[in-house]
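A short write-up of the structure that comes next.
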Amino acid sequence: MTTLAQEARHSVVVLHQLIERIFNQAEGSDDSIDLFLSHFHPEFKMVTPQGKRLDLNEMEVLFRQLQGQREGMRIATSEHAIISQQSEEVTIQYRELQMMNGINQSRISLAVLDCSTAIPRWRYLHETLVA
């Protein structure tokens, strides 16, 4: 695995640790949201599991609304696979498992990360629920 691929995989893990913290902690309890947002490219786009398209501003609004709203949620990622690497951009696929109150929800995601900066910045994310 190349250094950029390792950075991309590490970014997936770290970002989901931040998401878990955001879901579990009340607004204003720490700087998790700002740290979370620092991982995204200004032109970030995503497609949610429901097929809704979001840009960075819309995603920020969503996560600010969700902050502290899913106490007890745990998130794990696995099956990290590098799909392609072009110069300093890595496309990675991974499985995400969200666990809360005995209910598990799994999704497969595809992300494009710009690894040209010290912290890889997410440019694109597409999430698909797993039946």
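Chains: A, B, ... in order of the structure tokens. Residues: from 1 per chain. Ligands: from 1, in order shown.
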* To do: Using backbone DSSP assignments, extract all strand (DSSP E) residues from chain A; output them as a ChimeraX atom specification.
  => /A:40-47,53-55,74-86,89-100,103-114,121-129
Contacts of segment 20-79 of chain A with segment 96-116 of chain A up to 10 Å, shortest pair per row, only C-alpha atoms, as CSV:
residue,atom,partner,partner_atom,distance
A:Glu20,CA,A:Gln98,CA,9.1
A:His39,CA,A:Leu113,CA,9.4
A:Phe40,CA,A:Leu113,CA,8.7
A:His41,CA,A:Asp114,CA,7.7
A:Phe44,CA,A:Val112,CA,9.5
A:Lys45,CA,A:Val112,CA,10.0
A:Met46,CA,A:Ala111,CA,8.8
A:Val47,CA,A:Ser109,CA,9.8
A:Thr48,CA,A:Ser109,CA,9.6
A:Pro49,CA,A:Arg107,CA,7.9
A:Arg70,CA,A:Met100,CA,8.0
A:Glu71,CA,A:Met100,CA,8.3
A:Gly72,CA,A:Met100,CA,6.0
A:Met73,CA,A:Met100,CA,4.6
A:Arg74,CA,A:Met99,CA,5.1
A:Ile75,CA,A:Gln98,CA,4.6
A:Ala76,CA,A:Leu97,CA,5.2
A:Thr77,CA,A:Glu96,CA,4.5
A:Ser78,CA,A:Glu96,CA,6.6
A:Glu79,CA,A:Glu96,CA,8.7
Could you dump the residues just selected with N, CA and C atoms as a short mmCIF file (atom, residue, chain, number, x, y, z; two decimals), in the first residue's frame?
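Wrote it out as result06.cif, contents follow:
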data_model
loop_
_atom_site.label_atom_id
_atom_site.label_comp_id
_atom_site.auth_asym_id
_atom_site.auth_seq_id
_atom_site.Cartn_x
_atom_site.Cartn_y
_atom_site.Cartn_z
N GLU A 20 -18.67 9.98 15.05
CA GLU A 20 -19.19 9.32 16.25
C GLU A 20 -19.19 10.30 17.43
N HIS A 39 -11.51 18.54 7.29
CA HIS A 39 -11.15 17.39 6.46
C HIS A 39 -11.77 17.44 5.06
N PHE A 40 -12.51 18.51 4.76
CA PHE A 40 -13.23 18.56 3.49
C PHE A 40 -12.71 19.66 2.58
N HIS A 41 -12.66 19.33 1.30
CA HIS A 41 -12.30 20.28 0.25
C HIS A 41 -13.44 21.29 0.13
N PHE A 44 -16.43 20.17 -1.90
CA PHE A 44 -16.94 18.85 -1.56
C PHE A 44 -18.39 18.66 -2.00
N LYS A 45 -18.68 17.46 -2.50
CA LYS A 45 -20.04 17.05 -2.87
C LYS A 45 -20.24 15.64 -2.34
N MET A 46 -21.49 15.31 -2.03
CA MET A 46 -21.80 13.94 -1.63
C MET A 46 -23.20 13.55 -2.08
N VAL A 47 -23.42 12.24 -2.12
CA VAL A 47 -24.74 11.67 -2.36
C VAL A 47 -25.04 10.81 -1.13
N THR A 48 -26.14 11.12 -0.45
CA THR A 48 -26.52 10.38 0.76
C THR A 48 -27.11 9.02 0.38
N PRO A 49 -27.27 8.12 1.35
CA PRO A 49 -27.88 6.82 1.04
C PRO A 49 -29.30 6.96 0.47
N ARG A 70 -27.55 11.53 18.65
CA ARG A 70 -27.50 10.07 18.52
C ARG A 70 -26.61 9.47 19.61
N GLU A 71 -26.94 9.82 20.85
CA GLU A 71 -26.14 9.35 21.98
C GLU A 71 -26.14 7.83 22.02
N GLY A 72 -24.98 7.26 22.17
CA GLY A 72 -24.84 5.81 22.21
C GLY A 72 -24.47 5.20 20.87
N MET A 73 -24.48 5.97 19.80
CA MET A 73 -24.12 5.43 18.49
C MET A 73 -22.63 5.14 18.42
N ARG A 74 -22.32 4.00 17.84
CA ARG A 74 -20.95 3.62 17.58
C ARG A 74 -20.79 3.40 16.08
N ILE A 75 -19.63 3.76 15.56
CA ILE A 75 -19.37 3.63 14.12
C ILE A 75 -18.04 2.91 13.92
N ALA A 76 -18.03 1.95 13.02
CA ALA A 76 -16.80 1.24 12.66
C ALA A 76 -16.69 1.19 11.14
N THR A 77 -15.46 1.27 10.64
CA THR A 77 -15.25 1.10 9.20
C THR A 77 -14.37 -0.13 8.97
N SER A 78 -14.56 -0.74 7.82
CA SER A 78 -13.79 -1.94 7.48
C SER A 78 -13.76 -2.07 5.96
N GLU A 79 -13.12 -3.13 5.49
CA GLU A 79 -13.07 -3.46 4.06
C GLU A 79 -12.58 -2.28 3.22
#
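Of the listed residues A:Val12, A:Arg121, A:Leu129, A:Arg21, the one whose atoms come nearest to Leu56 of chain A is A:Arg121, with distances taken using only C-alpha atoms.
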Return as a PyMOL selection string the full set of residues in segment 23-127 of chain A whose backbone-based DSSP assignment is alpha helix (DSSP H).
chain A and resi 23-24+32-37+56-66
Would you pick out the contacts of Gln69 of chain A at 7 Å or less, using only C-alpha atoms, so that residues sharing its chain but fewer than 3 positions from it are not included, and give the list as a CSV table (one decimal) with C-alpha atoms, in the first residue's frame?
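Wrote it out as part_19.csv, contents follow:
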chain,number,residue,atom,x,y,z
A,23,PHE,CA,-23.3,12.3,17.2
A,24,ASN,CA,-22.6,11.6,20.9
A,66,LEU,CA,-27.3,16.0,14.3
Tell me which protein, DNA and RNA residues are within 12 Å of Ile22 of chain A, counting only C-alpha atoms, leaving out same-chain ones fewer than 4 positions away, and put them as an MDAnalysis selection string. chainID A and resid 15:18 26:37 60 62:75
Can you write just those residues out, C-alpha atoms, as a short mmCIF file (atom, residue, chain, number, x, y, z; two decimals), in the first residue's frame?
data_model
loop_
_atom_site.label_atom_id
_atom_site.label_comp_id
_atom_site.auth_asym_id
_atom_site.auth_seq_id
_atom_site.Cartn_x
_atom_site.Cartn_y
_atom_site.Cartn_z
CA LEU A 15 -13.27 11.08 10.08
CA HIS A 16 -15.67 8.41 11.34
CA GLN A 17 -14.26 8.73 14.86
CA LEU A 18 -15.10 12.44 14.64
CA ALA A 26 -23.80 18.14 22.83
CA GLU A 27 -23.25 21.28 20.80
CA GLY A 28 -20.41 23.45 22.05
CA SER A 29 -18.84 20.70 24.17
CA ASP A 30 -15.67 20.69 22.04
CA ASP A 31 -14.31 21.61 18.60
CA SER A 32 -15.36 18.36 16.88
CA ILE A 33 -17.46 20.07 14.19
CA ASP A 34 -14.68 22.47 13.19
CA LEU A 35 -12.13 19.67 13.18
CA PHE A 36 -14.54 17.51 11.13
CA LEU A 37 -15.04 20.29 8.56
CA GLU A 60 -22.28 21.30 7.69
CA LEU A 62 -26.87 18.61 8.63
CA PHE A 63 -24.08 17.71 11.06
CA ARG A 64 -24.75 20.74 13.25
CA GLN A 65 -28.38 19.55 13.49
CA LEU A 66 -27.27 16.00 14.33
CA GLN A 67 -24.75 17.05 16.99
CA GLY A 68 -25.59 15.27 20.24
CA GLN A 69 -28.72 13.68 18.72
CA ARG A 70 -27.50 10.07 18.52
CA GLU A 71 -26.14 9.35 21.98
CA GLY A 72 -24.84 5.81 22.21
CA MET A 73 -24.12 5.43 18.49
CA ARG A 74 -20.95 3.62 17.58
CA ILE A 75 -19.37 3.63 14.12
#
